[in-house]
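Down below is the structure, laid out as structure tokens.
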Amino acid sequence: MTSYSERTGNQLSDPAIINPVVDYHDRVRWGPIIGGIVIAISTQLILSALGAAIGLSAGASGANAGNVGLGVGIWSIISLLISLFLGSWVMALSCGPMNKKTALLNAAILWGTTLALSSWLLVSGISGLFGAVASNAGEIANQVQQPGGVNIPNQAPNVSINDARNAAANTAKGAWSFLFGSLLGLISSMIGASVGARKPRVYS
């Protein structure tokens, strides 16, 4: 580049050359996200335990089983929304100043990670249950071989068409509830991040 000079009074001065500065940094903050996940899962466990205790107490007092099940299902969705909101809120507060897009991005990652981790914990719990049954398979076999032991039917019980339709309808309701609950959880997570995000300060 050829430099040039301009006359300023009686002195010659070269213009200042400013190199462009590229502002590059990771927008995903895994430290605050992990902290938010811990808060979300802990809150979910506490609220779920509260809902289960209330539901079992209502069932023991003679309440309608259908109403109790409906109430527990609704409370499960509400507790999910509360836990994701708190987790994203804590995540945003523990971060430095960020714009709205960065807060929403981190909230979406927190939501997805929490959903995947919760599903894994659920599957692990079920697998643990089957593992406990499998570990006692030898004792169960001894009871079957002994006279008067456990009787295992040779054929599966017959299922009527109405029972199969009811089972399919209940499964479909559960799938739709999971879908809408997950999407509402994503919205709740983004709202929590937006509320907790601190905007960058502009110093004059």
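We label chains A, B, ... in the order they appear in the structure tokens, count residues from 1 in each chain, and number ligands from 1 in the order shown.
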Close residues, A:Leu186 itself excluded, 10 Å, only C-alpha atoms, min 4 positions apart in chain, as a PyMOL selection string:
chain A and resi 81+84-85+104+107-112+115+180-182+190-192
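A straight line drawn from atom CA of A:Met91 to atom CA of A:Pro32 is 4.8 Å long.
The residue set within 6 Å of A:Gly87, counting only C-alpha atoms and dropping same-chain residues fewer than 3 places from it, reads Gly36, Ile37, Ile39, Ala40, Leu84 and Val90 of chain A.
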Store the residues of this selection in a file with N, CA and C atoms, as a short mmCIF file (atom, residue, chain, number, x, y, z; two decimals), in the first residue's frame.
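Result written to part.cif:
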```
data_model
loop_
_atom_site.label_atom_id
_atom_site.label_comp_id
_atom_site.auth_asym_id
_atom_site.auth_seq_id
_atom_site.Cartn_x
_atom_site.Cartn_y
_atom_site.Cartn_z
N GLY A 36 -27.58 -25.03 34.82
CA GLY A 36 -29.02 -24.95 34.61
C GLY A 36 -29.67 -26.32 34.52
N ILE A 37 -28.98 -27.28 33.90
CA ILE A 37 -29.52 -28.64 33.81
C ILE A 37 -29.67 -29.26 35.19
N ILE A 39 -30.13 -27.68 38.02
CA ILE A 39 -31.27 -27.03 38.67
C ILE A 39 -32.59 -27.56 38.10
N ALA A 40 -32.67 -27.72 36.78
CA ALA A 40 -33.91 -28.19 36.15
C ALA A 40 -34.27 -29.60 36.59
N LEU A 84 -37.89 -26.27 33.77
CA LEU A 84 -37.13 -25.75 32.63
C LEU A 84 -37.01 -24.23 32.69
N VAL A 90 -31.58 -19.62 35.71
CA VAL A 90 -30.30 -19.71 36.41
C VAL A 90 -29.15 -19.73 35.41
#
```
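Considering only C-alpha atoms, the residue among A:Ile41, A:Lys100, A:Ser118, A:Val72 positioned nearest to A:Leu56 is A:Val72.
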